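Trainee: Data file query-v4.txt (compact mmCIF, C-alpha atoms) is appended below.
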# COMPACT_ATOMS: atom_id res chain seq x y z
CA MET T 1 -125.43 119.70 -2.94
CA TRP T 2 -127.54 117.23 -4.93
CA GLN T 3 -127.75 119.68 -7.83
CA TRP T 4 -123.95 119.94 -7.99
CA THR T 5 -123.66 116.13 -7.84
CA GLU T 6 -126.16 115.68 -10.67
CA ASN T 7 -124.34 118.28 -12.80
CA VAL T 8 -121.04 116.44 -12.35
CA GLU T 9 -122.74 113.13 -13.12
CA GLN T 10 -124.28 114.53 -16.29
CA TYR T 11 -120.94 116.00 -17.41
CA VAL T 12 -119.20 112.64 -16.93
CA LEU T 13 -121.95 110.88 -18.89
CA ASP T 14 -121.57 113.40 -21.71
CA VAL T 15 -117.84 112.61 -21.78
CA ILE T 16 -118.41 108.83 -21.65
CA PHE T 17 -120.86 108.88 -24.55
CA GLU T 18 -118.79 111.48 -26.44
CA ARG T 19 -121.52 114.10 -26.52
CA ARG T 20 -118.84 116.65 -25.68
CA ARG T 21 -115.73 116.91 -27.82
CA ASP T 22 -114.04 120.08 -26.59
CA TRP T 23 -110.52 119.96 -25.15
CA PRO T 24 -111.61 119.82 -21.46
CA ALA T 25 -113.77 116.81 -22.37
CA ARG T 26 -110.83 115.13 -24.12
CA LEU T 27 -108.62 115.67 -21.06
CA THR T 28 -111.35 114.33 -18.81
CA SER T 29 -111.75 111.30 -21.08
CA ALA T 30 -108.03 110.53 -20.87
CA ALA T 31 -108.08 110.82 -17.08
CA LEU T 32 -111.14 108.57 -16.84
CA LEU T 33 -109.45 105.98 -19.05
CA GLY T 34 -106.50 105.83 -16.68
CA LEU T 35 -108.85 105.39 -13.72
CA SER T 36 -110.67 102.64 -15.63
CA LYS T 37 -107.44 100.67 -15.93
CA LEU T 38 -106.88 100.94 -12.18
CA TYR T 39 -110.50 100.03 -11.54
CA GLU T 40 -110.18 96.89 -13.67
CA VAL T 41 -107.14 95.77 -11.69
CA GLY T 42 -109.10 96.24 -8.46
CA VAL T 43 -112.15 94.36 -9.78
CA GLN T 44 -110.12 91.37 -10.95
CA ALA T 45 -108.09 91.29 -7.75
CA ARG T 46 -111.31 91.26 -5.71
CA LEU T 47 -112.71 88.36 -7.78
CA HIS T 48 -109.42 86.49 -7.33
CA LEU T 49 -109.68 86.86 -3.55
CA TRP T 50 -113.24 85.51 -3.54
CA HIS T 51 -112.36 82.67 -5.91
CA HIS T 52 -109.48 81.51 -3.71
CA ARG T 53 -111.59 81.94 -0.56
CA ILE T 54 -109.36 84.55 0.99
CA PHE T 55 -112.63 86.45 1.25
CA ARG T 56 -115.08 83.95 2.76
CA ASP T 57 -118.67 83.67 1.57
CA HIS T 58 -121.63 82.64 3.71
CA THR T 59 -124.21 79.88 3.43
CA LEU T 60 -127.60 80.63 4.97
CA GLY T 61 -129.28 77.29 4.29
CA CYS T 62 -131.76 78.54 1.70
CA GLN T 63 -132.00 79.32 -2.01
CA VAL T 64 -130.13 82.44 -3.13
CA VAL T 65 -130.71 83.96 -6.56
CA SER T 66 -128.78 87.00 -7.76
CA ILE T 67 -130.23 89.17 -10.53
CA GLY T 68 -127.92 91.85 -11.85
CA ASN T 69 -125.87 93.03 -14.78
CA LEU T 70 -122.40 93.94 -15.95
CA SER T 71 -123.23 97.58 -16.63
CA VAL T 72 -124.58 100.48 -14.63
CA GLY T 73 -128.32 101.10 -15.06
CA GLY T 74 -130.65 100.89 -18.00
CA THR T 75 -131.16 97.13 -18.44
CA GLY T 76 -134.70 97.01 -17.04
CA LYS T 77 -133.73 94.94 -14.03
CA THR T 78 -136.60 95.78 -11.67
CA PRO T 79 -139.38 94.21 -13.83
CA VAL T 80 -137.29 91.04 -14.16
CA VAL T 81 -136.86 90.83 -10.37
CA GLU T 82 -140.62 91.34 -10.06
CA VAL T 83 -141.54 88.56 -12.47
CA PHE T 84 -139.10 86.14 -10.79
CA ALA T 85 -140.40 86.96 -7.31
CA ARG T 86 -144.01 86.52 -8.41
CA ALA T 87 -143.32 83.20 -10.15
CA LEU T 88 -141.48 81.81 -7.11
CA GLN T 89 -144.13 83.03 -4.67
CA GLN T 90 -146.89 81.44 -6.75
CA ARG T 91 -145.06 78.11 -6.53
CA GLY T 92 -145.13 78.21 -2.76
CA ARG T 93 -141.77 79.76 -1.95
CA ARG T 94 -141.51 82.34 0.85
CA VAL T 95 -139.55 85.04 -0.99
CA ALA T 96 -137.53 87.97 0.28
CA ILE T 97 -135.98 90.57 -2.02
CA LEU T 98 -132.72 91.94 -0.63
CA SER T 99 -131.70 95.35 -1.97
CA ARG T 100 -128.95 97.74 -1.06
CA GLY T 101 -131.44 100.60 -1.50
CA TYR T 102 -129.44 102.81 -3.83
CA LYS T 103 -129.99 106.50 -2.94
CA SER T 104 -132.33 105.67 -0.08
CA THR T 105 -132.22 107.90 2.99
CA PRO T 106 -129.47 106.58 5.30
CA ARG T 107 -129.74 106.37 9.06
CA PRO T 108 -128.65 109.56 10.87
CA LEU T 109 -124.89 110.04 10.78
CA TRP T 110 -124.51 109.94 14.56
CA GLN T 111 -126.27 106.58 14.72
CA ARG T 112 -123.99 105.14 12.05
CA ILE T 113 -120.88 106.43 13.84
CA VAL T 114 -122.00 105.03 17.20
CA ALA T 115 -122.81 101.65 15.65
CA LYS T 116 -119.40 101.52 13.96
CA VAL T 117 -117.25 102.51 16.93
CA THR T 118 -119.16 100.19 19.27
CA PHE T 119 -119.03 97.29 16.79
CA GLN T 120 -122.85 97.11 16.80
CA GLU T 121 -123.40 97.36 13.03
CA ASP T 122 -124.35 93.67 12.77
CA ARG T 123 -127.10 94.22 15.33
CA VAL T 124 -128.80 97.07 13.48
CA PRO T 125 -131.70 95.45 11.61
CA PRO T 126 -132.26 96.13 7.90
CA LYS T 127 -134.98 98.49 6.73
CA VAL T 128 -138.23 96.61 6.21
CA VAL T 129 -139.88 98.10 3.13
CA SER T 130 -142.57 95.40 3.15
CA ASP T 131 -143.20 92.59 5.60
CA GLY T 132 -145.18 90.70 2.95
CA ARG T 133 -148.43 92.21 4.19
CA SER T 134 -148.00 95.98 4.36
CA LEU T 135 -145.91 98.69 2.70
CA LEU T 136 -143.96 100.22 5.59
CA LEU T 137 -141.61 102.82 4.05
CA ASN T 138 -141.88 105.46 1.33
CA SER T 139 -139.63 105.71 -1.72
CA ASP T 140 -137.38 108.29 -0.09
CA GLN T 141 -136.66 106.00 2.86
CA ALA T 142 -136.49 102.76 0.88
CA GLY T 143 -135.09 103.80 -2.51
CA ASP T 144 -136.93 103.74 -5.85
CA GLU T 145 -136.62 100.09 -6.86
CA PRO T 146 -137.34 98.51 -3.44
CA TYR T 147 -140.42 100.72 -3.07
CA MET T 148 -141.67 99.79 -6.54
CA LEU T 149 -141.15 96.09 -5.89
CA ALA T 150 -142.87 96.25 -2.51
CA SER T 151 -145.80 98.16 -4.04
CA ASN T 152 -146.34 95.65 -6.85
CA LEU T 153 -145.69 92.38 -5.02
CA LYS T 154 -147.96 90.98 -2.36
CA ASP T 155 -146.76 88.32 0.08
CA VAL T 156 -143.12 89.13 -0.75
CA VAL T 157 -140.78 90.58 1.88
CA VAL T 158 -138.56 93.48 0.75
CA LEU T 159 -135.53 94.47 2.85
CA VAL T 160 -132.89 97.16 2.38
CA ASP T 161 -129.34 96.94 3.72
CA LYS T 162 -125.87 97.11 2.20
CA ASP T 163 -124.97 93.96 4.15
CA ARG T 164 -127.18 91.39 2.45
CA VAL T 165 -125.80 88.54 4.52
CA LYS T 166 -127.27 90.30 7.54
CA SER T 167 -130.56 91.09 5.81
CA GLY T 168 -130.74 87.49 4.54
CA ARG T 169 -130.42 86.15 8.06
CA TYR T 170 -133.10 88.61 9.18
CA ALA T 171 -135.44 87.48 6.39
CA ILE T 172 -135.04 83.85 7.45
CA SER T 173 -135.34 84.34 11.22
CA LYS T 174 -137.98 87.09 11.28
CA PHE T 175 -140.19 86.16 8.31
CA GLY T 176 -139.44 82.49 7.67
CA CYS T 177 -138.18 83.08 4.13
CA ASP T 178 -136.70 80.18 2.18
CA THR T 179 -135.73 82.01 -1.05
CA LEU T 180 -133.62 85.16 -1.25
CA LEU T 181 -133.51 87.33 -4.39
CA LEU T 182 -130.52 89.65 -4.53
CA ASP T 183 -131.62 92.75 -6.41
CA ASP T 184 -128.60 94.04 -8.34
CA GLY T 185 -126.58 91.17 -6.91
CA PHE T 186 -124.29 89.93 -9.70
CA GLN T 187 -121.28 91.61 -8.05
CA TYR T 188 -122.32 90.66 -4.51
CA LEU T 189 -120.34 87.49 -3.79
CA ALA T 190 -120.72 87.15 -0.02
CA LEU T 191 -123.69 84.75 -0.28
CA LYS T 192 -123.17 81.19 -1.50
CA SER T 193 -125.50 78.47 -2.88
CA ARG T 194 -126.68 80.81 -5.55
CA LEU T 195 -128.03 80.98 -9.05
CA ASP T 196 -126.56 83.90 -11.02
CA ILE T 197 -128.78 85.67 -13.55
CA CYS T 198 -127.20 88.40 -15.65
CA LEU T 199 -129.19 90.93 -17.69
CA ILE T 200 -127.99 92.46 -20.96
CA ASP T 201 -129.75 95.30 -22.77
CA ARG T 202 -130.22 94.32 -26.42
CA ASN T 203 -130.05 97.96 -27.55
CA ASN T 204 -126.84 98.79 -25.69
CA PRO T 205 -125.26 95.51 -24.52
CA PHE T 206 -121.90 96.66 -23.21
CA GLY T 207 -121.89 100.44 -23.61
CA ASN T 208 -118.61 101.65 -25.08
CA HIS T 209 -116.84 98.50 -23.75
CA TYR T 210 -114.89 100.51 -21.17
CA LEU T 211 -115.09 99.92 -17.43
CA LEU T 212 -116.07 102.61 -14.95
CA PRO T 213 -115.47 105.49 -14.92
CA ARG T 214 -114.58 105.78 -18.65
CA GLY T 215 -117.49 103.53 -19.54
CA THR T 216 -120.50 101.95 -17.87
CA LEU T 217 -119.19 98.42 -17.27
CA ARG T 218 -118.76 97.31 -13.67
CA GLU T 219 -116.48 94.43 -14.66
CA PRO T 220 -114.96 92.99 -17.84
CA ILE T 221 -117.31 91.38 -20.37
CA ALA T 222 -115.40 88.10 -19.97
CA ASN T 223 -116.90 87.79 -16.48
CA LEU T 224 -120.18 86.80 -18.11
CA LYS T 225 -118.83 83.29 -17.62
CA ARG T 226 -120.18 83.40 -14.03
CA ALA T 227 -123.80 83.58 -15.20
CA ASP T 228 -126.08 80.53 -15.08
CA TYR T 229 -128.85 82.32 -17.03
CA ILE T 230 -128.59 85.37 -19.26
CA PHE T 231 -131.60 87.56 -19.96
CA ILE T 232 -131.49 89.74 -23.06
CA THR T 233 -133.86 92.57 -22.15
CA LYS T 234 -135.70 95.04 -24.41
CA SER T 235 -135.61 92.51 -27.21
CA SER T 236 -138.09 92.24 -30.09
CA GLU T 237 -139.76 89.60 -32.21
CA LEU T 238 -136.80 89.84 -34.58
CA GLY T 239 -134.59 88.31 -31.93
CA ALA T 240 -130.96 89.06 -31.10
CA LYS T 241 -128.89 86.53 -33.04
CA LYS T 242 -125.82 88.75 -33.27
CA LEU T 243 -125.84 89.43 -29.53
CA ARG T 244 -126.37 85.76 -28.74
CA LYS T 245 -123.28 84.94 -30.79
CA ALA T 246 -121.26 87.58 -28.93
CA ILE T 247 -122.43 86.21 -25.57
CA ARG T 248 -121.37 82.68 -26.52
CA GLN T 249 -117.79 83.88 -26.89
CA PHE T 250 -117.71 84.39 -23.12
CA ASN T 251 -120.25 81.88 -21.82
CA GLU T 252 -121.04 78.62 -23.62
CA LYS T 253 -123.20 77.01 -20.94
CA ALA T 254 -125.72 79.62 -19.76
CA GLU T 255 -129.30 79.44 -20.97
CA ILE T 256 -130.20 82.60 -22.89
CA ILE T 257 -133.70 84.03 -22.50
CA GLU T 258 -135.01 87.00 -24.49
CA CYS T 259 -137.68 89.26 -23.06
CA ALA T 260 -139.38 92.55 -23.83
CA HIS T 261 -140.92 95.29 -21.71
CA GLN T 262 -144.62 95.08 -22.51
CA PRO T 263 -146.70 98.21 -21.76
CA LEU T 264 -149.92 97.31 -19.95
CA TYR T 265 -151.78 100.55 -19.18
CA LEU T 266 -151.47 104.18 -18.11
CA GLN T 267 -152.01 105.10 -14.47
CA ASP T 268 -152.57 108.56 -13.05
CA VAL T 269 -149.66 109.41 -10.75
CA PHE T 270 -151.89 111.11 -8.17
CA THR T 271 -155.36 109.52 -8.45
CA SER T 272 -154.26 105.97 -9.46
CA GLU T 273 -156.97 105.95 -12.16
CA ARG T 274 -156.08 103.60 -15.02
CA HIS T 275 -156.43 104.26 -18.75
CA VAL T 276 -155.99 102.03 -21.77
CA LEU T 277 -152.93 102.46 -23.97
CA ALA T 278 -155.14 103.56 -26.85
CA THR T 279 -155.43 106.88 -24.98
CA LEU T 280 -152.02 107.78 -26.43
CA GLN T 281 -153.03 107.36 -30.08
CA GLY T 282 -152.41 110.73 -31.76
CA LEU T 283 -152.13 112.50 -28.39
CA GLN T 284 -149.57 115.28 -28.03
CA VAL T 285 -147.64 114.55 -24.83
CA ALA T 286 -144.70 115.79 -22.79
CA ALA T 287 -142.26 113.27 -21.31
CA ILE T 288 -140.34 113.68 -18.07
CA SER T 289 -137.86 111.13 -16.75
CA GLY T 290 -134.83 110.62 -14.53
CA ILE T 291 -133.60 107.24 -15.73
CA ALA T 292 -130.41 105.86 -17.24
CA VAL T 293 -131.73 105.59 -20.82
CA PRO T 294 -134.48 108.21 -21.36
CA GLU T 295 -134.41 107.67 -25.13
CA SER T 296 -135.84 104.17 -24.67
CA PHE T 297 -138.81 105.54 -22.72
CA GLU T 298 -139.51 108.34 -25.19
CA ASP T 299 -139.23 106.04 -28.21
CA GLY T 300 -141.61 103.65 -26.49
CA LEU T 301 -144.23 106.40 -26.20
CA ARG T 302 -143.88 107.12 -29.91
CA GLY T 303 -144.28 103.44 -30.63
CA LEU T 304 -147.62 103.55 -28.79
CA GLY T 305 -148.83 106.34 -31.07
CA ALA T 306 -148.04 109.39 -28.92
CA ASP T 307 -146.61 112.58 -30.38
CA VAL T 308 -143.84 113.60 -27.98
CA ILE T 309 -143.67 117.38 -28.40
CA TYR T 310 -141.53 118.13 -25.35
CA ALA T 311 -139.14 116.06 -23.21
CA LYS T 312 -137.41 116.96 -19.96
CA ARG T 313 -134.60 114.70 -18.76
CA TYR T 314 -132.96 114.55 -15.36
CA ALA T 315 -130.13 112.46 -13.92
CA ASP T 316 -130.89 108.85 -12.98
CA HIS T 317 -132.71 108.58 -9.61
CA HIS T 318 -133.42 112.32 -9.57
CA ARG T 319 -135.79 113.25 -6.72
CA TYR T 320 -138.24 115.84 -7.95
CA SER T 321 -139.25 119.03 -6.17
CA GLN T 322 -142.74 120.53 -6.29
CA GLN T 323 -141.42 123.47 -8.28
CA GLU T 324 -139.90 121.19 -10.94
CA ILE T 325 -143.24 119.44 -11.45
CA ILE T 326 -145.11 122.76 -11.55
CA ASN T 327 -142.60 124.09 -14.11
CA MET T 328 -143.12 120.92 -16.18
CA ILE T 329 -146.88 121.40 -16.09
CA ASN T 330 -146.63 125.03 -17.15
CA ARG T 331 -144.24 124.30 -20.03
CA SER T 332 -146.32 121.34 -21.21
CA LEU T 333 -149.52 123.39 -21.25
CA LYS T 334 -147.76 126.22 -23.08
CA ARG T 335 -146.69 123.79 -25.82
CA GLY T 336 -150.20 122.33 -26.13
CA ALA T 337 -149.60 118.91 -24.57
CA GLY T 338 -152.66 116.90 -23.59
CA ALA T 339 -150.85 114.85 -20.95
CA ILE T 340 -147.50 114.41 -19.21
CA LEU T 341 -145.97 110.93 -19.28
CA THR T 342 -143.35 109.51 -16.96
CA THR T 343 -142.03 106.10 -15.90
CA GLU T 344 -143.22 104.11 -12.91
CA LYS T 345 -139.76 104.45 -11.41
CA ASP T 346 -140.01 108.25 -11.68
CA ALA T 347 -143.59 108.36 -10.42
CA VAL T 348 -142.59 107.11 -6.97
CA ARG T 349 -140.31 110.16 -6.65
CA PHE T 350 -142.97 112.74 -7.51
CA PRO T 351 -144.05 115.05 -4.68
CA LYS T 352 -147.74 115.57 -3.98
CA ILE T 353 -149.20 118.60 -5.76
CA ASP T 354 -152.72 120.00 -6.11
CA ARG T 355 -152.55 120.91 -9.79
CA ARG T 356 -154.91 118.84 -11.95
CA ASP T 357 -155.12 120.99 -15.09
CA ILE T 358 -153.19 118.38 -17.10
CA PRO T 359 -153.14 114.63 -16.39
CA ILE T 360 -149.83 113.07 -15.38
CA TYR T 361 -149.59 109.36 -16.17
CA TYR T 362 -146.94 106.73 -15.70
CA LEU T 363 -146.58 103.79 -18.03
CA ARG T 364 -146.99 100.46 -16.29
CA VAL T 365 -144.89 97.74 -17.93
CA GLU T 366 -144.21 94.07 -17.31
CA ILE T 367 -141.79 91.53 -18.73
CA ARG T 368 -142.92 89.31 -21.61
CA ILE T 369 -140.79 86.31 -22.52
CA ILE T 370 -140.15 86.29 -26.28
CA SER T 371 -137.72 83.42 -26.52
CA GLY T 372 -136.78 80.79 -23.94
CA ALA T 373 -140.05 80.56 -21.99
CA LYS T 374 -139.29 76.92 -21.19
CA ASP T 375 -135.83 77.90 -19.94
CA PHE T 376 -137.46 80.49 -17.66
CA ASP T 377 -139.85 77.88 -16.28
CA ASP T 378 -136.93 75.51 -15.81
CA ALA T 379 -135.04 78.22 -13.89
CA VAL T 380 -138.00 78.75 -11.56
CA ALA T 381 -138.43 74.98 -11.13
CA ARG T 382 -134.71 74.60 -10.45
CA ILE T 383 -134.95 77.15 -7.64
CA CYS T 384 -138.12 75.63 -6.19
CA HIS T 385 -137.07 72.00 -6.21
CA ARG T 386 -133.38 72.00 -5.39
Represent the structure from my file as structure tokens, please.
Mentor:
Amino acid sequence: MWQWTENVEQYVLDVIFERRRDWPARLTSAALLGLSKLYEVGVQARLHLWHHRIFRDHTLGCQVVSIGNLSVGGTGKTPVVEVFARALQQRGRRVAILSRGYKSTPRPLWQRIVAKVTFQEDRVPPKVVSDGRSLLLNSDQAGDEPYMLASNLKDVVVLVDKDRVKSGRYAISKFGCDTLLLDDGFQYLALKSRLDICLIDRNNPFGNHYLLPRGTLREPIANLKRADYIFITKSSELGAKKLRKAIRQFNEKAEIIECAHQPLYLQDVFTSERHVLATLQGLQVAAISGIAVPESFEDGLRGLGADVIYAKRYADHHRYSQQEIINMINRSLKRGAGAILTTEKDAVRFPKIDRRDIPIYYLRVEIRIISGAKDFDDAVARICHR
């Protein structure tokens, strides 16, 4: 079933980005455009209902910070959530990250049905990925991003539930949290007293400018006006003047902060042994990834001096089988690769295997503020001292 779903997803992406130009693709594109128009009407109607308080939001008596984006995937959101959580925790805040746990294993169907028909859904506690002391779930149960965040952040609670009002209450009552970070929360409007942070990828700010499903936008670009802070991710020392100007057409007040994904080191997926980045200089490598923008990862390896001689791409959030990893090893060895490289997000979805005839590393990255460091500090201070 998952293979069929991934094939459909890949076909739609090929149509969206115009990699296919045959007549079935053109018909599909026209149909998707019509659905996009309907989707936009629904999105704006939903925002109207929240704005006029027909849909009521909730106040939980603590700081709420949403970190999200206008588009689907590829903006490098997880490292930004991590750096915010760490900065807040270091300033004495008791932080909980609330995630919906995209593609995490759901509760058994019968349990969900019973909870729904007996009106007990509000009493089912969220999944606790980390209680701030221990990692309690694996990536399959928690979802990729929550597992990564829980693995890299100590003393930070990580919860998974679609109802983040419920998980917010749980974080406050069970763990004494006073600051809630909504992972991928720009469209989640049920929590009030919030600071909205929107991320924009410098290399592909708004996709093809169409909304889902013809494009990758979740809502119109004009809705950037809701953001209090805007992070331009994957930037460079050259800056993003043109993009800044485009952003100002829709939001004149938000502070704009530019950041880059800074590679730190290589880490063996199975042994956790670390290696310096210089290991990649002149090394022939194979790349494997299941992320929204694989080109960014592969270009990054080249920028570190690696010679990418083979690349295997899967759909975003692909969960790897043992046979897929074994096939990757065999093909990489056949082509003469000295190592296989993947992303940290992919590494948490790798199954355990006994093969060690070629090292498999993931690239550990963190956010580096290029422009607007003071604005970032001000944002953290604003959250801590309100």
Trainee: Which one of T:Arg248, T:Leu264, T:Ile257, T:Ser321 sits closest to Val80 in chain T if you count all atoms listed in the file?
Mentor: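 Of all the options, T:Ile257 lies closest to Val80 in chain T.
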Trainee: Name all residues at most 10 Å from Leu159 in chain T (count all atoms listed in the file; drop same-chain ones fewer than 4 positions away) and give them as a list in words.
Mentor: Ala96, Ile97, Leu98, Ser99, Arg100, Gly101, Pro125, Pro126, Lys127, Val128, Val129, Ser130, Asp131, Ala142, Pro146, Tyr147, Ala150, Arg164, Ser167, Gly168, Tyr170 and Ala171 of chain T
Trainee: Nearest to Leu60 in chain T: which of T:Val160, T:Leu211, T:Ile172, T:Ile256 is it, counting only C-alpha atoms?
Mentor: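 Nearest to Leu60 in chain T: T:Ile172.
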Trainee: Select, from T:Gly207, T:Gly185, T:Gly61, T:Gly143, the residue with the minimum atom-to-atom distance to Ser173 in chain T, counting all atoms listed in the file.
Mentor: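 Once distances to Ser173 in chain T are computed over all atoms listed in the file, the minimum belongs to T:Gly61.
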Trainee: Quick one: everything within 10 Å of Thr271 in chain T, counting only C-alpha atoms, minus sequence neighbours fewer than 3 positions away in the same chain. Send it as a PDB file with C-alpha atoms, in the coordinates of the input.
Mentor:
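Writing done, so here's out_26.pdb:
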ATOM      1  CA  GLN T 267    -152.010 105.100 -14.470  1.00  0.00           C
ATOM      2  CA  ASP T 268    -152.570 108.560 -13.050  1.00  0.00           C
ATOM      3  CA  ARG T 274    -156.080 103.600 -15.020  1.00  0.00           C
ATOM      4  CA  ARG T 356    -154.910 118.840 -11.950  1.00  0.00           C
ATOM      5  CA  PRO T 359    -153.140 114.630 -16.390  1.00  0.00           C
ATOM      6  CA  ILE T 360    -149.830 113.070 -15.380  1.00  0.00           C
ATOM      7  CA  TYR T 361    -149.590 109.360 -16.170  1.00  0.00           C
TER       8      TYR T 361
END
Trainee: Within 6 Å of range 235-242 of chain T, counting all atoms listed in the file, which residues show up once you throw out same-chain ones fewer than 3 positions away? Write them as a PyMOL selection string, please.
Mentor: chain T and resi 202+245+259-260
Trainee: Let's have the selection written as a short mmCIF file (atom, residue, chain, number, x, y, z; two decimals), in the frame of the given file, with C-alpha atoms.
Mentor:
data_model
loop_
_atom_site.label_atom_id
_atom_site.label_comp_id
_atom_site.auth_asym_id
_atom_site.auth_seq_id
_atom_site.Cartn_x
_atom_site.Cartn_y
_atom_site.Cartn_z
CA ARG T 202 -130.22 94.32 -26.42
CA LYS T 245 -123.28 84.94 -30.79
CA CYS T 259 -137.68 89.26 -23.06
CA ALA T 260 -139.38 92.55 -23.83
#
Trainee: Give as an NGL selection string every residue, naming chains and numbers as the document does, that has an atom within 10 Å of (-121.4, 91.5, -17.2), counting only C-alpha atoms.
Mentor: :T and (68-72 or 186-187 or 198-200 or 205-206 or 217-227 or 230 or 247 or 250)
Trainee: Generate a file of the selected residues that holds C-alpha atoms, formatted as a CSV table (one decimal), in the frame of the given file.
Mentor:
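Saved as out32.csv:
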chain,number,residue,atom,x,y,z
T,68,GLY,CA,-127.9,91.8,-11.8
T,69,ASN,CA,-125.9,93.0,-14.8
T,70,LEU,CA,-122.4,93.9,-16.0
T,71,SER,CA,-123.2,97.6,-16.6
T,72,VAL,CA,-124.6,100.5,-14.6
T,186,PHE,CA,-124.3,89.9,-9.7
T,187,GLN,CA,-121.3,91.6,-8.0
T,198,CYS,CA,-127.2,88.4,-15.6
T,199,LEU,CA,-129.2,90.9,-17.7
T,200,ILE,CA,-128.0,92.5,-21.0
T,205,PRO,CA,-125.3,95.5,-24.5
T,206,PHE,CA,-121.9,96.7,-23.2
T,217,LEU,CA,-119.2,98.4,-17.3
T,218,ARG,CA,-118.8,97.3,-13.7
T,219,GLU,CA,-116.5,94.4,-14.7
T,220,PRO,CA,-115.0,93.0,-17.8
T,221,ILE,CA,-117.3,91.4,-20.4
T,222,ALA,CA,-115.4,88.1,-20.0
T,223,ASN,CA,-116.9,87.8,-16.5
T,224,LEU,CA,-120.2,86.8,-18.1
T,225,LYS,CA,-118.8,83.3,-17.6
T,226,ARG,CA,-120.2,83.4,-14.0
T,227,ALA,CA,-123.8,83.6,-15.2
T,230,ILE,CA,-128.6,85.4,-19.3
T,247,ILE,CA,-122.4,86.2,-25.6
T,250,PHE,CA,-117.7,84.4,-23.1
Trainee: State, in Å with one decimal place, the distance from CA of Val64 in chain T to CA of Leu182 in chain T.
Mentor: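 Between these atoms lies a distance of 7.4 Å.
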Trainee: Which residues come within 7 Å of range 29-34 of chain T, counting only C-alpha atoms, excluding same-chain residues fewer than 2 positions away, as a list in words?
Mentor: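 The contact residues come out as Val15, Ala25, Arg26, Leu27, Ser36, Lys37, Leu38, Pro213 and Arg214 of chain T.
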Trainee: Considering only C-alpha atoms, return as a PyMOL selection string whatever protein or nucleic-acid residues lie within 6 Å of range 335-352 of chain T, sequence-local ones (same chain, fewer than 2 positions apart) excluded.
Mentor: chain T and resi 284-289+319-320+322+332-333+358-363
Trainee: Counting only C-alpha atoms, which residues have an atom no more than 9 Å from (-137.1, 93.6, -12.8) in the file's coordinates? Please list them as a ChimeraX atom specification.
Mentor: /T:67,75-84,145,149,183,366-367
Trainee: Please, what is the axis-aligned box for every listed atom of range 33-47 of chain T with 5 Å on each side, as centre and edge lengths in Å to one decimal, as JSON?
Mentor:
{"center_x": -109.6, "center_y": 97.2, "center_z": -12.4, "size_x": 16.2, "size_y": 27.6, "size_z": 23.3}
Trainee: Please report the interatomic distance between CA of Val65 in chain T and CA of Trp50 in chain T in Å with one decimal.
Mentor: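 Between CA of Val65 in chain T and CA of Trp50 in chain T the gap is 17.8 Å.
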Trainee: Calculated over only C-alpha atoms, which of the candidates T:Lys103, T:Arg331, T:Leu181, T:Met148 has the smallest distance to His318 in chain T?
Mentor: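 Distance minimum relative to His318 in chain T lands on T:Lys103.
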Trainee: Closest to His275 in chain T among T:Gly215, T:Pro263, T:Gly42, T:Gly290, using only C-alpha atoms?
Mentor: T:Pro263
Trainee: Quick one: of T:His52, T:Lys374, T:Arg133, T:Lys154, who's nearest to Gln90 in chain T, counting only C-alpha atoms?
Mentor: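 Among the listed residues, T:Lys154 lies closest to Gln90 in chain T.
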Trainee: One decimal, in Å: what's the spacing between CA of Asp196 in chain T and CA of Asp122 in chain T?
Mentor: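 Pair CA of Asp196 in chain T / CA of Asp122 in chain T returns 25.8 Å.
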